[in-house]
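Enquirer: Got a structure here, written out as structure tokens. Questions coming.
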Amino acid sequence: MRVAVIGAGVMGLSSALCIQEQFQGLVPGLELELELYADRFTPHTCSDGAAGLWQPYLSDHGNLQETLWNKETFDYLLGHLHSPAAQEMGLFLLSGYNLFTEPVPDPSWKNIVLGFRNLTPKELELFPGYSYGWFNTALMLEGRNYLPWLTNRLTQRGVKFFHKKVESFQELFSQGVDVVINCTGMRSGELQPDPELQPGRGQIIKVLAPWVKHFIITHDVKSGVYKSPYVIPGSEFTVLGGIYQHGNWSEENSAQDHRTIWESCCRLLPALQTAKVVSEWTGLRPARHQVRLERESIRHGNLQGEVIHNYGHGGFGITIHWGCAMAVARLFGSILQEKRK
Amino acid sequence: MAAPKVAVVGAGVIGLSTALCIVETCPSSSVTLLSDQFSPSTTSDVAAGMLIPHTYPGTPIHVQKQWFKETFTYLFAISNSAEASEAGIHLVSGWQVFKSTPKEELPFWADVVLGFRPMSKAELQKFPQHRFGQAFTTLKCDCPSYLLWLGKRLKATGIQMYNRKVADLWELHSEYDIVVNCTGIGAHQLVGDKKLFPVRGQVLQVHAPWVKNFIRDGDGLTYIYPGIHRVTLGGTREEKSWSLSPDPGTTRDIFDRCCSLEASLQEAQDIKVKVGLRPSRQCVRLQKEVLSQGGVKLLVVHNYGHGAGGFSVHRGTAKEAARLVGECIASLRGSSSRAKL
């Protein structure tokens, strides 16, 4: 059976790995041929630009399924923390602060992360202008390490990679592919129009600030997610951000956004004034009111194939990826089951 | 009377910070700093600089707490300013873990550090050999940077610093009115203090920038302290050992103990081994002394014997020493005005 994954960001690579791990060799006589198609590979994907902090949005909007996928991802990563692969994966624990200008309800993920608690008055003195906040220990999974690690695992398991832009699902079905896993993120609309999928443009500045040992995420409940400054220290660079522009397709760095990020982050952490800027990057978060993770049978003329969609993870792709990969694998399993009948 | 001439002997964290405090509180005095060792070859350069106090059996707890609080407050303000990275001061969070529940579950400094609380069960799962733990946020000094920064501030006040080996405090009597003895372990020979003894500490400084949280075993022997550029792995407490040479067997042992607390350290690179002799004493010797020979007097203020707790209390003891210097200056003025009568 030929399976083609489209997309080499965190969704494509992890979905491919999950399917491979679960089904390769599971059914005697069933030869699973897994291929991965993408026009952008690490380090040029959206996932590479993400700081890599595991943290869902403040509210799950009643979307329990997504909260469950987030938890599955956290638990999966936590289990890998002590493995020899952790450092190669870019996986490590990171503690830090979420700051608010007014009291807010506890988040859906308070019992998923470690040591969640409210900030003490003395801690809030560090952040003038913020009167309420949380402290917790979460996980970092740096795209610049994780994506190559996933790629290596896939290559070792015989998955074939094709550097090519797929123009349609039919193109793959006509080549004999049986199942397509659609992990095309922001550009899913090019394969199948989806008005619910919109870019949430983000810009970040990468600096050298190795004295920063905590993530600091501020929130402006009125403006919305990621529109307020945040500082996230990675293993080598620290990411400064705070831009979310719904509907903006520009992948160019904006000088005004640079100023916004720089000034607001330096106000938050005066020590950043002496940090050296290393690079700047813009990415389009594939935003959707909820993740599209479902099967679809596609028929075109006498071509038929199964598509499993896995896109629309907005700014929480890293956070939710493994739960989604496993859900994709389950849907794949049911396709396999049907084909065997 | 002419400006009282004060000599501070010693250029570790105690000497430099004491000199700075004297300049701040006794502006009428003329201060000179003398030392045969300067950064990077002082004991302070080897220290990890974590603000976690050492308990001195011979000093009242409320005094130790006052010293720690003053030091913490002072460094907290620097960490939150634009000077933070130059001074090498930053916040760091982490865990102190115990194999068996300690007698004292709440140390005297619990309300000085930030967010002190017992670890949750989920957090303790990361440490299967330990049954109890405390989580908190404290400050860390990058010692060579901090010493450099103190030195810069001293030079800005016009203070002169000389490389000079003082063999006997009395040799300074003709040039100075007051001598402040901040010679650390050097006081053993300089003033013949037999109550002062070295506690040898060997540490490894490694490149492991993904380690962002500190981990300390409550026995004080094994610790992982992430600094700005390197992570300090420790350690040993060998009483009465004067050896400054690194021991390879000890290196291996420290590395193994730290890896059992944090498995990812197996991937640590570029291991540097350092040794320091903690200038240990039942209590810090912080007192005045009058040396006299043939009718000539030399006023001495001692400020040494901080053992494992130098960084944690340095500002507090420096201020106390400066206050004692103030008393000496007042007594000199008193005796000089009496002489006029």
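Letters A, B, ... mark the chains of the structure tokens in the order given; residue numbers begin at 1 per chain; ligand numbers begin at 1, in order shown.
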Please return, as an NGL selection string, all residues of chain B lying within 10 Å of chain A when only C-alpha atoms are considered.
Expert: :B and (76-86 or 88-94 or 112-124 or 126 or 135 or 137 or 140 or 142 or 208-213 or 226-230 or 260-268)
Enquirer: What lies within 6 Å of region 45-47 of chain A using only C-alpha atoms, ignoring chain neighbours under 5 positions off, as an mmCIF file with all heavy atoms, in the first residue's frame?
Expert:
```cif
data_model
loop_
_atom_site.group_PDB
_atom_site.id
_atom_site.type_symbol
_atom_site.label_atom_id
_atom_site.label_comp_id
_atom_site.auth_asym_id
_atom_site.auth_seq_id
_atom_site.Cartn_x
_atom_site.Cartn_y
_atom_site.Cartn_z
ATOM 1 N N GLY A 9 6.640 19.796 7.605
ATOM 2 C CA GLY A 9 6.738 20.517 8.870
ATOM 3 C C GLY A 9 6.568 19.497 9.987
ATOM 4 O O GLY A 9 6.661 18.282 9.764
ATOM 5 N N VAL A 10 6.287 19.971 11.191
ATOM 6 C CA VAL A 10 6.187 19.045 12.312
ATOM 7 C C VAL A 10 5.030 18.053 12.114
ATOM 8 O O VAL A 10 5.139 16.885 12.515
ATOM 9 C CB VAL A 10 6.071 19.809 13.650
ATOM 10 C CG1 VAL A 10 4.736 20.534 13.775
ATOM 11 C CG2 VAL A 10 6.287 18.876 14.819
ATOM 12 N N ARG A 40 9.079 22.547 0.796
ATOM 13 C CA ARG A 40 9.945 23.197 1.791
ATOM 14 C C ARG A 40 10.289 22.179 2.869
ATOM 15 O O ARG A 40 9.417 21.500 3.403
ATOM 16 C CB ARG A 40 9.236 24.385 2.438
ATOM 17 C CG ARG A 40 9.011 25.556 1.529
ATOM 18 C CD ARG A 40 8.614 26.786 2.339
ATOM 19 N NE ARG A 40 7.930 27.761 1.513
ATOM 20 C CZ ARG A 40 7.396 28.889 1.970
ATOM 21 N NH1 ARG A 40 7.449 29.162 3.259
ATOM 22 N NH2 ARG A 40 6.800 29.724 1.152
ATOM 23 N N GLY A 143 12.321 23.229 16.924
ATOM 24 C CA GLY A 143 12.133 22.756 15.559
ATOM 25 C C GLY A 143 13.435 22.483 14.840
ATOM 26 O O GLY A 143 13.560 21.493 14.106
ATOM 27 N N GLY A 283 6.671 34.159 9.833
ATOM 28 C CA GLY A 283 6.006 32.916 9.477
ATOM 29 C C GLY A 283 4.503 33.095 9.517
ATOM 30 O O GLY A 283 3.997 34.018 10.171
#
```
Enquirer: Could you pull the residues within 10 Å of Ile271 (chain B), counting only C-alpha atoms, minus those fewer than 3 positions along the same chain, as JSON, numbers by chain?
Expert: {"B": [203, 204, 205, 206, 207, 208, 230, 231, 232, 233, 251, 255, 268, 274]}
Enquirer: Just write the chosen residues, N, CA and C atoms, as a compact mmCIF listing (two decimals), in the first residue's frame.
Expert:
```txt
# COMPACT_ATOMS: atom_id res chain seq x y z
N VAL B 203 34.72 21.25 40.86
CA VAL B 203 33.53 21.40 40.02
C VAL B 203 33.90 21.20 38.56
N LEU B 204 32.89 20.86 37.77
CA LEU B 204 33.06 20.78 36.33
C LEU B 204 32.23 21.91 35.72
N GLN B 205 32.80 22.58 34.76
CA GLN B 205 32.03 23.60 34.06
C GLN B 205 31.88 23.09 32.63
N VAL B 206 30.63 22.84 32.23
CA VAL B 206 30.40 22.18 30.95
C VAL B 206 29.50 23.00 30.04
N HIS B 207 29.54 22.66 28.76
CA HIS B 207 28.66 23.28 27.77
C HIS B 207 27.43 22.39 27.63
N ALA B 208 26.31 22.84 28.16
CA ALA B 208 25.05 22.08 28.09
C ALA B 208 23.92 23.11 28.13
N ARG B 230 27.99 28.48 30.84
CA ARG B 230 28.32 27.10 31.18
C ARG B 230 27.44 26.63 32.33
N VAL B 231 27.36 25.34 32.45
CA VAL B 231 26.65 24.75 33.58
C VAL B 231 27.69 24.23 34.56
N THR B 232 27.55 24.60 35.84
CA THR B 232 28.49 24.10 36.85
C THR B 232 27.94 22.81 37.44
N LEU B 233 28.75 21.78 37.38
CA LEU B 233 28.39 20.50 38.00
C LEU B 233 29.26 20.28 39.22
N THR B 251 36.46 13.87 39.16
CA THR B 251 35.76 14.39 37.97
C THR B 251 34.74 13.37 37.48
N PHE B 255 30.62 13.79 37.55
CA PHE B 255 29.89 13.67 36.30
C PHE B 255 28.80 12.60 36.41
N ALA B 268 26.88 16.55 27.45
CA ALA B 268 27.61 17.79 27.74
C ALA B 268 28.96 17.79 27.04
N LYS B 274 37.57 22.67 37.69
CA LYS B 274 38.12 23.73 38.53
C LYS B 274 38.11 23.29 40.00
```
Enquirer: Which residues in region 17-266 of chain A does DSSP call helix (DSSP H, G or I)? List them as a PyMOL selection string.
Expert: chain A and resi 17-23+46-49+64-80+86-89+121-124+143-156+169-173+185-191+255-266
Enquirer: Run DSSP on the backbone and grab whatever in region 1-228 of chain A lands in strand (DSSP E); send it over as a count of residues only.
Expert: 60
Enquirer: I'd like to know which of A:Gly62, A:Gly49, A:Pro286, A:Pro199 is closest to Tyr311 (chain A), using only C-alpha atoms.
Expert: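 Result for the nearest residue to Tyr311 (chain A): A:Pro286.
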Enquirer: Show me, as a ChimeraX atom specification, the residues that have an atom within 8 Å of Glu280 (chain A) when counting only C-alpha atoms, minus same-chain residues fewer than 6 positions from it.
Expert: /A:203-206,253
Enquirer: Quick one: residues within 9 Å of Asp219 (chain B), only C-alpha atoms counted, chain neighbours fewer than 2 positions away excluded, as a PyMOL selection string?
Expert: chain B and resi 97-99+216-217+221-222
Enquirer: Emit the selected residues as a PDB file, in the first residue's frame, including N, CA and C atoms.
Expert:
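Here's the written file result-v1.pdb:
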```
ATOM      1  N   VAL B  97      16.280  18.502  45.904  1.00  0.00           N
ATOM      2  CA  VAL B  97      15.651  17.204  46.143  1.00  0.00           C
ATOM      3  C   VAL B  97      16.375  16.438  47.244  1.00  0.00           C
ATOM      4  N   PHE B  98      15.593  15.672  47.980  1.00  0.00           N
ATOM      5  CA  PHE B  98      16.122  14.934  49.136  1.00  0.00           C
ATOM      6  C   PHE B  98      15.786  13.468  49.014  1.00  0.00           C
ATOM      7  N   LYS B  99      16.772  12.623  49.346  1.00  0.00           N
ATOM      8  CA  LYS B  99      16.511  11.182  49.323  1.00  0.00           C
ATOM      9  C   LYS B  99      15.627  10.794  50.498  1.00  0.00           C
ATOM     10  N   ARG B 216      19.576  20.462  42.755  1.00  0.00           N
ATOM     11  CA  ARG B 216      20.523  20.352  43.852  1.00  0.00           C
ATOM     12  C   ARG B 216      20.063  19.242  44.779  1.00  0.00           C
ATOM     13  N   ASP B 217      20.967  18.347  45.109  1.00  0.00           N
ATOM     14  CA  ASP B 217      20.616  17.357  46.117  1.00  0.00           C
ATOM     15  C   ASP B 217      20.754  18.027  47.476  1.00  0.00           C
ATOM     16  N   LEU B 221      26.008  17.960  48.119  1.00  0.00           N
ATOM     17  CA  LEU B 221      27.195  17.426  47.449  1.00  0.00           C
ATOM     18  C   LEU B 221      27.052  17.358  45.937  1.00  0.00           C
ATOM     19  N   THR B 222      25.805  17.167  45.485  1.00  0.00           N
ATOM     20  CA  THR B 222      25.600  17.034  44.045  1.00  0.00           C
ATOM     21  C   THR B 222      24.697  18.158  43.590  1.00  0.00           C
TER      22      THR B 222
END
```
Enquirer: If we count only C-alpha atoms, what is near Val177 (chain A) at a cut-off of 8 Å, once residues fewer than 2 positions away on the same chain are taken out, given as a PDB file with C-alpha atoms, in the first residue's frame?
Expert:
```
ATOM      1  CA  MET A   1       0.000   0.000   0.000  1.00  0.00           C
ATOM      2  CA  ARG A   2       1.374   3.369  -0.996  1.00  0.00           C
ATOM      3  CA  VAL A   3       0.993   6.198   1.448  1.00  0.00           C
ATOM      4  CA  ALA A   4       2.045   9.738   0.603  1.00  0.00           C
ATOM      5  CA  LEU A 172      -0.774  11.416  -6.380  1.00  0.00           C
ATOM      6  CA  PHE A 173      -3.731   9.069  -6.824  1.00  0.00           C
ATOM      7  CA  SER A 174      -2.993   8.876 -10.542  1.00  0.00           C
ATOM      8  CA  GLN A 175       0.531   7.692  -9.638  1.00  0.00           C
ATOM      9  CA  VAL A 179      -3.728   7.175   0.947  1.00  0.00           C
ATOM     10  CA  VAL A 180      -2.653  10.806   1.178  1.00  0.00           C
ATOM     11  CA  GLY A 305      -8.335   7.705  -2.850  1.00  0.00           C
TER      12      GLY A 305
END
```
Enquirer: Quick one, how far is CA of Asp253 (chain B) from CA of Trp95 (chain B)?
Expert: 21.2 Å
Enquirer: List as number ranges by chain the protein and nucleic acid residues near Ile243 (chain A), meaning an atom at most 7 Å away when only C-alpha atoms are counted, but skip any in the same chain fewer than 3 places from it.
Expert: A: 202-203, 226-227
Enquirer: Keeping only N, CA and C atoms, write the selected residues as a PDB file, in the first residue's frame.
Expert:
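Saved to result33.pdb:
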```
ATOM      1  N   GLY A 202       3.152  35.963  11.987  1.00  0.00           N
ATOM      2  CA  GLY A 202       3.978  36.230  13.170  1.00  0.00           C
ATOM      3  C   GLY A 202       5.360  36.647  12.730  1.00  0.00           C
ATOM      4  N   GLN A 203       5.992  37.467  13.556  1.00  0.00           N
ATOM      5  CA  GLN A 203       7.374  37.857  13.290  1.00  0.00           C
ATOM      6  C   GLN A 203       8.147  37.690  14.580  1.00  0.00           C
ATOM      7  N   TYR A 226      -0.791  36.064  21.265  1.00  0.00           N
ATOM      8  CA  TYR A 226       0.485  36.380  20.616  1.00  0.00           C
ATOM      9  C   TYR A 226       0.612  37.830  20.181  1.00  0.00           C
ATOM     10  N   LYS A 227      -0.313  38.715  20.635  1.00  0.00           N
ATOM     11  CA  LYS A 227      -0.180  40.122  20.249  1.00  0.00           C
ATOM     12  C   LYS A 227       0.520  40.924  21.325  1.00  0.00           C
TER      13      LYS A 227
END
```
Enquirer: Pick from A:Lys71, A:His219, A:Arg295, A:Arg201: nearest to Asp257 (chain A), with only C-alpha atoms counted?
Expert: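 Of A:Lys71, A:His219, A:Arg295, A:Arg201, the one nearest Asp257 (chain A), counting only C-alpha atoms, is A:Arg201.
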Enquirer: Calculate how many Å separate CA of Val180 (chain B) from CA of Tyr56 (chain B), rounding to one decimal.
Expert: 21.4 Å
